[in-house]
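For reference, entry_33.pdb (PDB, C-alpha atoms):
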```
ATOM      1  CA  MET A   3     -23.624  17.552 -28.657
ATOM      2  CA  LYS A   4     -25.745  14.826 -27.133
ATOM      3  CA  GLN A   5     -26.774  11.679 -28.901
ATOM      4  CA  ARG A   6     -28.233   8.314 -28.154
ATOM      5  CA  VAL A   7     -26.163   5.230 -28.643
ATOM      6  CA  LYS A   8     -28.278   2.210 -29.523
ATOM      7  CA  ARG A   9     -27.627  -1.450 -28.874
ATOM      8  CA  CYS A  10     -24.325  -0.759 -27.200
ATOM      9  CA  PHE A  11     -22.887  -3.410 -24.985
ATOM     10  CA  ALA A  12     -19.152  -3.927 -25.042
ATOM     11  CA  LEU A  13     -16.914  -6.038 -22.905
ATOM     12  CA  GLY A  14     -13.842  -4.149 -21.886
ATOM     13  CA  LEU A  15     -11.163  -6.648 -22.809
ATOM     14  CA  ALA A  16      -9.917  -8.545 -19.818
ATOM     15  CA  SER A  17      -7.673 -11.250 -18.424
ATOM     16  CA  LEU A  18      -8.903 -14.317 -16.587
ATOM     17  CA  PHE A  19      -6.309 -13.958 -13.871
ATOM     18  CA  LEU A  20      -7.004 -10.384 -12.783
ATOM     19  CA  PHE A  21      -8.564  -8.963  -9.668
ATOM     20  CA  ALA A  22      -7.809 -10.767  -6.449
ATOM     21  CA  GLY A  23      -6.776  -8.306  -3.709
ATOM     22  CA  CYS A  24      -5.565  -4.779  -4.292
ATOM     23  CA  GLN A  25      -3.781  -2.839  -1.633
ATOM     24  CA  GLY A  26      -0.527  -3.797  -0.003
ATOM     25  CA  GLU A  27       0.237  -6.737  -2.271
ATOM     26  CA  THR A  28       3.381  -7.133  -4.317
ATOM     27  CA  ALA A  29       3.170  -8.293  -7.901
ATOM     28  CA  SER A  30       4.659 -11.683  -6.987
ATOM     29  CA  GLU A  31       1.969 -12.236  -4.331
ATOM     30  CA  ASN A  32      -0.946 -11.147  -6.434
ATOM     31  CA  VAL A  33      -2.899 -13.244  -8.928
ATOM     32  CA  TYR A  34      -3.299 -10.037 -10.930
ATOM     33  CA  ALA A  35       0.362 -10.281 -11.789
ATOM     34  CA  GLU A  36       0.283 -12.782 -14.612
ATOM     35  CA  GLU A  37       2.277 -11.864 -17.707
ATOM     36  CA  HIS A  38       0.208 -10.259 -20.446
ATOM     37  CA  THR A  39       0.986  -8.536 -23.725
ATOM     38  CA  VAL A  40      -1.353  -5.576 -23.945
ATOM     39  CA  GLU A  41      -1.216  -2.130 -25.516
ATOM     40  CA  GLU A  42      -4.210   0.104 -24.834
ATOM     41  CA  ALA A  43      -5.925   2.072 -27.584
ATOM     42  CA  ALA A  44      -8.969   4.332 -27.666
ATOM     43  CA  GLY A  45     -10.297   6.677 -30.310
ATOM     44  CA  GLU A  46     -11.294  10.319 -30.070
ATOM     45  CA  ALA A  47     -14.758  11.493 -31.092
ATOM     46  CA  MET A  48     -17.852  13.055 -29.591
ATOM     47  CA  PRO A  49     -19.460  10.677 -27.061
ATOM     48  CA  ALA A  50     -23.032  10.297 -25.994
ATOM     49  CA  SER A  51     -23.640  11.952 -22.644
ATOM     50  CA  GLY A  52     -26.086  13.184 -20.076
ATOM     51  CA  ALA A  53     -29.804  12.779 -19.685
ATOM     52  CA  GLU A  54     -30.501  11.481 -23.194
ATOM     53  CA  PHE A  55     -28.282   8.424 -22.812
ATOM     54  CA  GLN A  56     -30.214   5.194 -22.335
ATOM     55  CA  VAL A  57     -28.916   1.859 -21.107
ATOM     56  CA  THR A  58     -29.330  -0.812 -23.753
ATOM     57  CA  MET A  59     -28.357  -4.452 -23.843
ATOM     58  CA  PRO A  60     -26.561  -6.665 -26.376
ATOM     59  CA  GLU A  61     -28.311  -8.423 -29.184
ATOM     60  CA  ALA A  62     -27.291 -11.641 -30.889
ATOM     61  CA  SER A  63     -29.430 -10.989 -33.922
ATOM     62  CA  GLY A  64     -27.947 -13.793 -36.037
ATOM     63  CA  GLU A  65     -27.273 -11.609 -39.058
ATOM     64  CA  VAL A  66     -23.561 -12.497 -39.112
ATOM     65  CA  THR A  67     -22.453 -15.722 -37.416
ATOM     66  CA  TYR A  68     -19.504 -18.111 -37.495
ATOM     67  CA  GLY A  69     -18.897 -21.409 -35.764
ATOM     68  CA  GLU A  70     -18.452 -25.140 -35.501
ATOM     69  CA  ASN A  71     -17.924 -27.776 -32.790
ATOM     70  CA  GLY A  72     -20.835 -26.387 -30.778
ATOM     71  CA  VAL A  73     -19.393 -22.845 -30.803
ATOM     72  CA  THR A  74     -21.212 -19.838 -32.248
ATOM     73  CA  ILE A  75     -19.762 -16.349 -32.659
ATOM     74  CA  ASP A  76     -22.381 -13.689 -33.396
ATOM     75  CA  ALA A  77     -20.642 -10.760 -35.100
ATOM     76  CA  SER A  78     -23.795  -8.921 -36.133
ATOM     77  CA  HIS A  79     -22.972  -5.839 -34.075
ATOM     78  CA  THR A  80     -19.241  -5.347 -34.342
ATOM     79  CA  ALA A  81     -19.922  -1.754 -35.443
ATOM     80  CA  ASP A  82     -21.546  -1.297 -32.026
ATOM     81  CA  GLY A  83     -18.372  -2.477 -30.346
ATOM     82  CA  TYR A  84     -18.952  -6.099 -29.396
ATOM     83  CA  VAL A  85     -19.102  -9.733 -30.452
ATOM     84  CA  MET A  86     -21.074 -12.443 -28.675
ATOM     85  CA  VAL A  87     -19.978 -16.036 -28.132
ATOM     86  CA  LYS A  88     -21.707 -19.168 -26.862
ATOM     87  CA  CYS A  89     -20.909 -22.865 -26.601
ATOM     88  CA  GLU A  90     -23.349 -25.699 -26.104
ATOM     89  CA  ASP A  91     -20.953 -27.957 -24.148
ATOM     90  CA  ASP A  92     -21.659 -27.383 -20.448
ATOM     91  CA  SER A  93     -19.131 -30.014 -19.331
ATOM     92  CA  ALA A  94     -16.042 -28.282 -20.731
ATOM     93  CA  ILE A  95     -13.755 -25.640 -19.252
ATOM     94  CA  LEU A  96     -13.652 -23.026 -21.972
ATOM     95  CA  LYS A  97     -11.675 -19.885 -22.711
ATOM     96  CA  VAL A  98     -12.082 -17.100 -25.221
ATOM     97  CA  ILE A  99      -8.916 -15.395 -26.442
ATOM     98  CA  LEU A 100      -9.538 -12.168 -28.291
ATOM     99  CA  GLU A 101      -6.660 -10.405 -30.029
ATOM    100  CA  GLY A 102      -7.136  -6.889 -31.355
ATOM    101  CA  PRO A 103      -5.444  -5.017 -34.206
ATOM    102  CA  ASN A 104      -2.798  -3.629 -31.836
ATOM    103  CA  GLY A 105      -1.688  -7.128 -30.884
ATOM    104  CA  THR A 106      -3.696  -6.942 -27.676
ATOM    105  CA  LYS A 107      -4.576 -10.362 -26.233
ATOM    106  CA  TYR A 108      -7.186 -10.937 -23.556
ATOM    107  CA  THR A 109      -8.327 -14.234 -22.068
ATOM    108  CA  TYR A 110     -11.865 -14.788 -20.793
ATOM    109  CA  ASP A 111     -13.917 -17.597 -19.299
ATOM    110  CA  LEU A 112     -16.823 -18.866 -21.388
ATOM    111  CA  ASN A 113     -19.763 -20.400 -19.542
ATOM    112  CA  GLY A 114     -20.428 -23.257 -21.977
ATOM    113  CA  GLN A 115     -24.123 -23.289 -21.117
ATOM    114  CA  GLY A 116     -25.441 -22.294 -24.504
ATOM    115  CA  VAL A 117     -25.901 -18.691 -23.350
ATOM    116  CA  TYR A 118     -24.262 -15.827 -25.219
ATOM    117  CA  GLU A 119     -21.559 -13.807 -23.499
ATOM    118  CA  THR A 120     -20.381 -10.486 -24.822
ATOM    119  CA  TYR A 121     -16.828  -9.409 -25.563
ATOM    120  CA  GLY A 122     -15.830  -5.890 -26.447
ATOM    121  CA  LEU A 123     -13.704  -4.498 -29.220
ATOM    122  CA  SER A 124     -11.864  -1.786 -27.330
ATOM    123  CA  ASP A 125      -8.762  -1.894 -29.520
ATOM    124  CA  GLY A 126     -10.670   0.235 -32.023
ATOM    125  CA  ASN A 127     -10.995  -0.444 -35.740
ATOM    126  CA  GLY A 128      -9.191  -3.259 -37.508
ATOM    127  CA  ILE A 129      -8.899  -7.034 -37.624
ATOM    128  CA  TYR A 130      -9.717  -9.034 -34.502
ATOM    129  CA  SER A 131      -9.068 -12.721 -33.926
ATOM    130  CA  VAL A 132     -11.585 -14.551 -31.734
ATOM    131  CA  GLY A 133     -10.579 -18.027 -30.563
ATOM    132  CA  ILE A 134     -12.474 -20.471 -28.350
ATOM    133  CA  TYR A 135     -10.384 -23.056 -26.486
ATOM    134  CA  GLN A 136     -11.306 -26.180 -24.500
ATOM    135  CA  ASN A 137      -9.289 -27.526 -21.589
ATOM    136  CA  ILE A 138      -7.966 -31.010 -22.296
ATOM    137  CA  GLU A 139      -5.821 -31.554 -19.204
ATOM    138  CA  GLY A 140      -3.973 -29.468 -16.649
ATOM    139  CA  ALA A 141      -3.104 -26.152 -18.266
ATOM    140  CA  LYS A 142      -3.412 -27.523 -21.820
ATOM    141  CA  TYR A 143      -6.108 -26.232 -24.159
ATOM    142  CA  ALA A 144      -7.162 -27.208 -27.668
ATOM    143  CA  VAL A 145      -8.746 -24.820 -30.138
ATOM    144  CA  LEU A 146     -12.424 -25.485 -30.850
ATOM    145  CA  PHE A 147     -12.897 -22.659 -33.304
ATOM    146  CA  SER A 148     -11.294 -19.372 -34.321
ATOM    147  CA  GLN A 149     -12.329 -16.568 -36.630
ATOM    148  CA  GLU A 150     -10.881 -13.292 -37.872
ATOM    149  CA  ILE A 151     -13.362 -10.398 -37.965
ATOM    150  CA  GLU A 152     -12.912  -6.955 -39.486
ATOM    151  CA  VAL A 153     -14.310  -4.185 -37.278
ATOM    152  CA  ALA A 154     -15.302  -0.611 -38.116
ATOM    153  CA  LEU A 155     -16.884   1.019 -35.055
ATOM    154  CA  LYS A 156     -19.735   3.489 -35.408
ATOM    155  CA  ASP A 157     -18.309   5.365 -32.435
ATOM    156  CA  PRO A 158     -14.920   4.779 -30.726
ATOM    157  CA  PHE A 159     -16.522   5.485 -27.337
ATOM    158  CA  LEU A 160     -18.854   2.497 -27.481
ATOM    159  CA  PRO A 161     -16.549   0.123 -25.566
ATOM    160  CA  PHE A 162     -16.439   2.660 -22.714
ATOM    161  CA  LEU A 163     -20.136   3.495 -22.585
ATOM    162  CA  CYS A 164     -21.741   0.090 -22.233
ATOM    163  CA  PRO A 165     -22.130  -2.821 -19.794
ATOM    164  CA  ASN A 166     -19.747  -5.763 -19.960
ATOM    165  CA  GLN A 167     -18.727  -8.864 -18.042
ATOM    166  CA  TYR A 168     -16.492  -6.873 -15.703
ATOM    167  CA  VAL A 169     -18.775  -3.843 -15.460
ATOM    168  CA  ASP A 170     -22.081  -5.670 -15.340
ATOM    169  CA  TYR A 171     -25.304  -3.700 -15.043
ATOM    170  CA  THR A 172     -28.740  -3.190 -16.586
ATOM    171  CA  ALA A 173     -31.242  -0.359 -16.520
ATOM    172  CA  GLU A 174     -32.787  -2.052 -13.470
ATOM    173  CA  SER A 175     -29.590  -2.251 -11.428
ATOM    174  CA  GLU A 176     -29.794  -0.413  -8.108
ATOM    175  CA  ALA A 177     -26.456   1.229  -8.865
ATOM    176  CA  VAL A 178     -27.861   2.640 -12.099
ATOM    177  CA  LYS A 179     -30.972   3.946 -10.362
ATOM    178  CA  LEU A 180     -28.800   5.586  -7.712
ATOM    179  CA  ALA A 181     -26.585   7.138 -10.359
ATOM    180  CA  GLY A 182     -29.665   8.659 -11.961
ATOM    181  CA  LYS A 183     -30.719  10.188  -8.646
ATOM    182  CA  LEU A 184     -27.245  11.517  -7.866
ATOM    183  CA  THR A 185     -26.928  13.176 -11.254
ATOM    184  CA  ALA A 186     -30.519  14.407 -11.618
ATOM    185  CA  GLY A 187     -30.483  17.880 -13.119
ATOM    186  CA  LEU A 188     -26.765  17.757 -13.898
ATOM    187  CA  THR A 189     -25.960  18.106 -17.585
ATOM    188  CA  ASP A 190     -22.221  18.735 -17.328
ATOM    189  CA  GLU A 191     -20.172  15.509 -17.406
ATOM    190  CA  LEU A 192     -17.688  16.725 -14.796
ATOM    191  CA  GLU A 193     -20.512  17.561 -12.387
ATOM    192  CA  GLN A 194     -21.904  14.064 -12.906
ATOM    193  CA  VAL A 195     -18.492  12.550 -12.256
ATOM    194  CA  GLN A 196     -18.046  14.630  -9.112
ATOM    195  CA  ALA A 197     -21.443  13.613  -7.713
ATOM    196  CA  ILE A 198     -20.851   9.900  -8.258
ATOM    197  CA  TYR A 199     -17.219  10.017  -7.120
ATOM    198  CA  ASP A 200     -18.162  11.796  -3.906
ATOM    199  CA  TYR A 201     -20.826   9.202  -3.142
ATOM    200  CA  VAL A 202     -18.561   6.209  -3.756
ATOM    201  CA  ILE A 203     -15.578   7.408  -1.730
ATOM    202  CA  LYS A 204     -17.780   8.510   1.186
ATOM    203  CA  ASN A 205     -19.989   5.428   1.352
ATOM    204  CA  ILE A 206     -17.917   2.397   0.277
ATOM    205  CA  SER A 207     -15.143   1.074   2.529
ATOM    206  CA  TYR A 208     -12.236  -1.178   1.627
ATOM    207  CA  ASP A 209     -12.803  -4.872   2.455
ATOM    208  CA  THR A 210      -9.446  -6.216   3.597
ATOM    209  CA  GLU A 211     -10.870  -9.657   4.417
ATOM    210  CA  LYS A 212     -12.280 -10.034   0.920
ATOM    211  CA  ALA A 213      -8.978  -8.881  -0.579
ATOM    212  CA  ARG A 214      -7.164 -11.648   1.299
ATOM    213  CA  ASN A 215      -9.569 -14.394   0.243
ATOM    214  CA  VAL A 216     -10.966 -13.513  -3.177
ATOM    215  CA  LYS A 217     -10.246 -16.126  -5.865
ATOM    216  CA  SER A 218      -8.944 -15.835  -9.388
ATOM    217  CA  GLY A 219     -11.764 -15.221 -11.854
ATOM    218  CA  TYR A 220     -13.734 -13.056  -9.431
ATOM    219  CA  LEU A 221     -16.249 -10.697 -11.049
ATOM    220  CA  PRO A 222     -17.874  -7.788  -9.180
ATOM    221  CA  ASP A 223     -21.554  -7.730  -8.328
ATOM    222  CA  ILE A 224     -22.039  -3.971  -8.251
ATOM    223  CA  ASP A 225     -25.419  -4.050  -6.516
ATOM    224  CA  ALA A 226     -24.026  -6.321  -3.794
ATOM    225  CA  VAL A 227     -21.092  -3.943  -3.309
ATOM    226  CA  LEU A 228     -23.532  -1.051  -3.082
ATOM    227  CA  ALA A 229     -25.716  -2.872  -0.555
ATOM    228  CA  GLU A 230     -22.817  -4.092   1.587
ATOM    229  CA  LYS A 231     -20.996  -0.752   1.234
ATOM    230  CA  LYS A 232     -17.609  -2.410   0.967
ATOM    231  CA  GLY A 233     -15.369  -4.023  -1.613
ATOM    232  CA  ILE A 234     -11.911  -4.423  -3.130
ATOM    233  CA  CYS A 235     -10.355  -2.113  -5.721
ATOM    234  CA  PHE A 236     -11.980  -3.995  -8.587
ATOM    235  CA  ASP A 237     -15.373  -3.494  -6.915
ATOM    236  CA  TYR A 238     -14.799   0.237  -6.451
ATOM    237  CA  ALA A 239     -13.719   0.740 -10.033
ATOM    238  CA  ALA A 240     -16.488  -1.445 -11.502
ATOM    239  CA  LEU A 241     -19.180   0.258  -9.413
ATOM    240  CA  MET A 242     -18.124   3.748 -10.358
ATOM    241  CA  THR A 243     -17.594   2.808 -14.000
ATOM    242  CA  ALA A 244     -21.082   1.300 -14.176
ATOM    243  CA  MET A 245     -22.680   4.333 -12.558
ATOM    244  CA  LEU A 246     -20.941   6.768 -14.900
ATOM    245  CA  ARG A 247     -21.469   4.760 -18.070
ATOM    246  CA  SER A 248     -25.146   4.363 -17.253
ATOM    247  CA  GLN A 249     -25.412   8.161 -17.325
ATOM    248  CA  GLY A 250     -23.614   8.446 -20.651
ATOM    249  CA  VAL A 251     -20.180   9.437 -19.355
ATOM    250  CA  PRO A 252     -17.478   7.453 -21.204
ATOM    251  CA  THR A 253     -15.429   5.698 -18.542
ATOM    252  CA  LYS A 254     -12.534   3.265 -18.671
ATOM    253  CA  LEU A 255     -11.988   0.740 -15.926
ATOM    254  CA  VAL A 256      -8.191   0.657 -15.838
ATOM    255  CA  THR A 257      -5.934  -1.953 -14.293
ATOM    256  CA  GLY A 258      -2.202  -1.775 -13.860
ATOM    257  CA  TYR A 259       0.440  -1.117 -11.264
ATOM    258  CA  THR A 260       0.674   1.356  -8.451
ATOM    259  CA  GLY A 261       4.134   0.769  -7.094
ATOM    260  CA  SER A 262       4.578  -3.008  -7.030
ATOM    261  CA  SER A 263       0.869  -3.737  -6.463
ATOM    262  CA  TYR A 264      -1.654  -4.573  -9.133
ATOM    263  CA  HIS A 265      -4.589  -2.250  -8.846
ATOM    264  CA  ALA A 266      -7.764  -0.920 -10.523
ATOM    265  CA  TRP A 267      -8.905   2.667 -11.060
ATOM    266  CA  ILE A 268     -10.852   4.671 -13.635
ATOM    267  CA  SER A 269     -10.469   7.322 -16.322
ATOM    268  CA  THR A 270     -13.301   9.381 -17.804
ATOM    269  CA  TYR A 271     -14.071  11.571 -20.794
ATOM    270  CA  SER A 272     -15.799  14.929 -21.036
ATOM    271  CA  GLU A 273     -16.351  17.338 -23.884
ATOM    272  CA  GLU A 274     -14.530  19.998 -21.882
ATOM    273  CA  THR A 275     -11.369  18.043 -21.075
ATOM    274  CA  GLY A 276     -11.258  15.080 -23.468
ATOM    275  CA  TRP A 277      -9.951  11.866 -21.932
ATOM    276  CA  VAL A 278      -8.827  12.556 -18.405
ATOM    277  CA  GLU A 279      -6.334   9.718 -18.198
ATOM    278  CA  GLY A 280      -6.376   8.632 -14.591
ATOM    279  CA  VAL A 281      -7.276  12.028 -13.142
ATOM    280  CA  ILE A 282     -10.722  13.325 -12.398
ATOM    281  CA  PHE A 283     -11.036  15.028  -9.006
ATOM    282  CA  PHE A 284     -10.590  18.792  -9.324
ATOM    283  CA  ASP A 285      -9.909  20.661  -6.077
ATOM    284  CA  GLY A 286     -10.171  24.113  -7.670
ATOM    285  CA  THR A 287      -6.517  24.188  -8.599
ATOM    286  CA  THR A 288      -5.360  20.801  -9.866
ATOM    287  CA  TRP A 289      -6.805  17.490 -11.065
ATOM    288  CA  LYS A 290      -6.406  14.465  -8.789
ATOM    289  CA  LEU A 291      -6.081  10.882  -9.940
ATOM    290  CA  MET A 292      -9.438   9.144  -9.961
ATOM    291  CA  ASP A 293      -8.671   6.166  -7.784
ATOM    292  CA  PRO A 294     -11.822   5.646  -5.695
ATOM    293  CA  THR A 295     -10.221   2.871  -3.631
ATOM    294  CA  PHE A 296      -7.296   4.884  -2.350
ATOM    295  CA  ALA A 297      -9.358   8.041  -1.927
ATOM    296  CA  SER A 298     -11.909   6.176   0.179
ATOM    297  CA  SER A 299      -9.626   4.005   2.270
ATOM    298  CA  GLY A 300      -7.272   6.923   2.814
ATOM    299  CA  GLY A 301     -10.052   9.226   3.882
ATOM    300  CA  SER A 302      -9.010  11.624   1.107
ATOM    301  CA  SER A 303      -6.128  12.719   3.322
ATOM    302  CA  GLU A 304      -3.607  15.210   1.999
ATOM    303  CA  ASP A 305      -0.953  12.490   1.647
ATOM    304  CA  ILE A 306      -3.303  10.138  -0.206
ATOM    305  CA  MET A 307      -4.504  12.878  -2.552
ATOM    306  CA  GLU A 308      -0.905  13.861  -3.262
ATOM    307  CA  TYR A 309      -0.037  10.233  -4.059
ATOM    308  CA  ILE A 310      -2.961   9.560  -6.357
ATOM    309  CA  GLY A 311      -2.553  12.963  -7.963
ATOM    310  CA  ASP A 312       0.903  11.987  -9.189
ATOM    311  CA  GLY A 313       0.489  10.088 -12.452
ATOM    312  CA  LYS A 314       4.004   8.663 -12.123
ATOM    313  CA  ASN A 315       2.680   6.412  -9.342
ATOM    314  CA  TYR A 316       0.399   4.593 -11.803
ATOM    315  CA  LYS A 317       1.147   2.475 -14.853
ATOM    316  CA  GLU A 318      -1.806   1.472 -17.011
ATOM    317  CA  LYS A 319      -1.871  -2.068 -18.325
ATOM    318  CA  TYR A 320      -5.452  -2.907 -19.303
ATOM    319  CA  LEU A 321      -8.556  -0.933 -20.236
ATOM    320  CA  TYR A 322     -12.061  -2.343 -19.810
TER     321      TYR A 322
END
```
Write out the structure in this file as structure tokens.
Amino acid sequence: MKQRVKRCFALGLASLFLFAGCQGETASENVYAEEHTVEEAAGEAMPASGAEFQVTMPEASGEVTYGENGVTIDASHTADGYVMVKCEDDSAILKVILEGPNGTKYTYDLNGQGVYETYGLSDGNGIYSVGIYQNIEGAKYAVLFSQEIEVALKDPFLPFLCPNQYVDYTAESEAVKLAGKLTAGLTDELEQVQAIYDYVIKNISYDTEKARNVKSGYLPDIDAVLAEKKGICFDYAALMTAMLRSQGVPTKLVTGYTGSSYHAWISTYSEETGWVEGVIFFDGTTWKLMDPTFASSGGSSEDIMEYIGDGKNYKEKYLY
């Protein structure tokens, strides 16, 4: 069954310290490897999919708001899977800490320029705590405002179908336009996944220089990655997630460990298979782990495909 999802824009919950380099780094060397307390959760229901899906953007409609000290939380569309936060103080270093009903805690930057940013509710239904913190000195922060919000999602797939800070795109993004061309005429989700996966692993190369030099807090620019045809694991995963979500295929950007290295990959959903947790490439006999970075940089060699096809080599930590 196909359906349109309106006003969906959810930020896959994230950590400020993720996503420096990817391959060949140990946890102790990698700024990914901060300690976090996260348990992933996602519901099961029929998602929107295919040609009828339309990219929509968040709306701070002002119907339900909370705030003080220059902070505003717009909770008008929690049923659509997101809250929006802004702060008027452009001189402060600000963080948002969002804790979901499963005890999940994620830390975000907040721009402090009076512009709303969107944070997703990917822990599912329940009580969320949203706190905004201001840096006072060094690593010390003081709370500006916090609010508990009860969430009942219209659709548990919303956090994995929409744009967010880490998977940032609009209907006008070049990556979205390309995804539409690659999947034109394809109505089966797995065919759409295959078309986009094949393009990404054949056309994007791993950027070892960027991996060595990227700073904490880095966020992918998917159109830049597409134009430059290179990136780090976070770029690969964000690009492919954006392309699939824009076509209505529920997709999780996943981060966690492969061996001792912190890494990013994706998982997708189809009506035929349900959530394919970390595996998506089907060679006619078995599913292979959907890790577009390793598949591309390894040239889809037999050894690489065997490695990424073994779920024991991957440990999920965060879902975005």
From atom CA of A:Lys232 to atom CA of A:Lys217 the spacing works out at 17.0 Å
Which residues, protein or nucleic acid, reach to within 6 Å of (-16.1, -25.2, -24.9) in the file's coordinates when using all atoms listed in the file, and can you give that as a list in words?
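So the residues meeting the distance criterion are Cys89, Asp91, Ala94, Leu96, Gly114 and Gln136 of chain A.
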Selection near A:Ala144, 10 Å with all atoms listed in the file, sequence-local residues under 6 positions removed, as a short mmCIF file (atom, residue, chain, number, x, y, z; two decimals) with C-alpha atoms, keeping the file's coordinate frame:
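The resulting file, around-v2.cif, is shown below:
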```
data_model
loop_
_atom_site.label_atom_id
_atom_site.label_comp_id
_atom_site.auth_asym_id
_atom_site.auth_seq_id
_atom_site.Cartn_x
_atom_site.Cartn_y
_atom_site.Cartn_z
CA LEU A 96 -13.65 -23.03 -21.97
CA LYS A 97 -11.68 -19.89 -22.71
CA ILE A 134 -12.47 -20.47 -28.35
CA TYR A 135 -10.38 -23.06 -26.49
CA GLN A 136 -11.31 -26.18 -24.50
CA ASN A 137 -9.29 -27.53 -21.59
CA ILE A 138 -7.97 -31.01 -22.30
#
```
Quick one: apply the PyMOL selection byres ((chain A and resi 246) around 9) to the file and drop the selected residues here as a PyMOL selection string.
chain A and resi 163+178+181+194-195+198+241-245+247-253+270
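Reported to one decimal place, the separation of atom CA of A:Glu152 from atom CA of A:Ile129 is 4.4 Å.
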Using all atoms listed in the file, which residues of stretch 102-150 of chain A come within 9 Å of stretch 67-76 of chain A, and what is the closest atom pair for each, with the distance in Å to one decimal? Give it as a Markdown table, sorted by chain and residue number.
```
| residue | atom | partner | partner_atom | distance |
| --- | --- | --- | --- | --- |
| A:Gly114 | CA | A:Val73 | CA | 8.9 |
| A:Gly116 | CA | A:Val73 | CA | 8.7 |
| A:Tyr118 | CA | A:Thr74 | CA | 8.6 |
| A:Val132 | CA | A:Ile75 | CA | 8.4 |
| A:Ile134 | CA | A:Val73 | CA | 7.7 |
| A:Leu146 | CA | A:Asn71 | CA | 6.3 |
| A:Phe147 | CA | A:Glu70 | CA | 6.5 |
| A:Ser148 | CA | A:Gly69 | CA | 8.0 |
| A:Gln149 | CA | A:Tyr68 | CA | 7.4 |
```
Find the residues around A:Leu255 up to 9 Å (all atoms listed in the file counted), leave out those fewer than 4 positions away in its own chain, and share them as a list in words.
Gly14, Phe162, Tyr168, Val169, Phe236, Ala239, Ala240, Met242, Thr243, Ala266, Trp267, Ile268, Ser269, Thr270, Tyr320, Leu321 and Tyr322 of chain A
Step by step, work through what the PyMOL selection byres ((chain A and resi 65) around 10) selects in the shown file, and finish by giving those residues as a PyMOL selection string.
chain A and resi 62-64+66-67+76-79
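Applied to the file shown here, the PyMOL selection byres ((chain A and resi 125-128) around 6) selects A:Ala43, A:Gly102, A:Pro103, A:Leu123, A:Ser124, A:Ile129, A:Glu152, A:Val153, A:Ala154.
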Could you give me, as a short mmCIF file (atom, residue, chain, number, x, y, z; two decimals) with C-alpha atoms, in the frame of the given file, the residues that sit within 6 Å of (-19.5, -11.3, -28.9) in the file's coordinates, counting all atoms listed in the file?
```
data_model
loop_
_atom_site.label_atom_id
_atom_site.label_comp_id
_atom_site.auth_asym_id
_atom_site.auth_seq_id
_atom_site.Cartn_x
_atom_site.Cartn_y
_atom_site.Cartn_z
CA ASP A 76 -22.38 -13.69 -33.40
CA TYR A 84 -18.95 -6.10 -29.40
CA VAL A 85 -19.10 -9.73 -30.45
CA MET A 86 -21.07 -12.44 -28.68
CA VAL A 87 -19.98 -16.04 -28.13
CA THR A 120 -20.38 -10.49 -24.82
CA TYR A 121 -16.83 -9.41 -25.56
#
```
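Once A:Ala229 and its same-chain neighbours fewer than 2 positions away are set aside, Glu176, Ala177, Ile206, Ile224, Asp225, Ala226, Val227, Lys231 and Lys232 of chain A remain within 10 Å of it when counting all atoms listed in the file.
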Atom CA of A:Met59 to atom CA of A:Pro158 measures 17.7 Å
Let me have the centre and edge lengths of the axis-aligned box enclosing all listed atoms of stretch 190-202 of chain A with 5 Å padding on every side, in Å to one decimal, as JSON.
```
{"center_x": -19.7, "center_y": 12.5, "center_z": -10.3, "size_x": 15.0, "size_y": 22.5, "size_z": 24.3}
```
Determine, counting only C-alpha atoms, which protein, DNA and RNA residues have an atom within 8 Å of an atom of A:Lys156; residues of the same chain fewer than 6 positions away are not included. Present the result as a PyMOL selection string.
chain A and resi 81-83
Please determine, counting only C-alpha atoms, which residue among A:Glu61, A:Asp111, A:Asp157, A:Glu90 has the shortest atom-to-atom distance to A:Ser218.
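Answer, going by the shortest atom-to-atom distance: A:Asp111.
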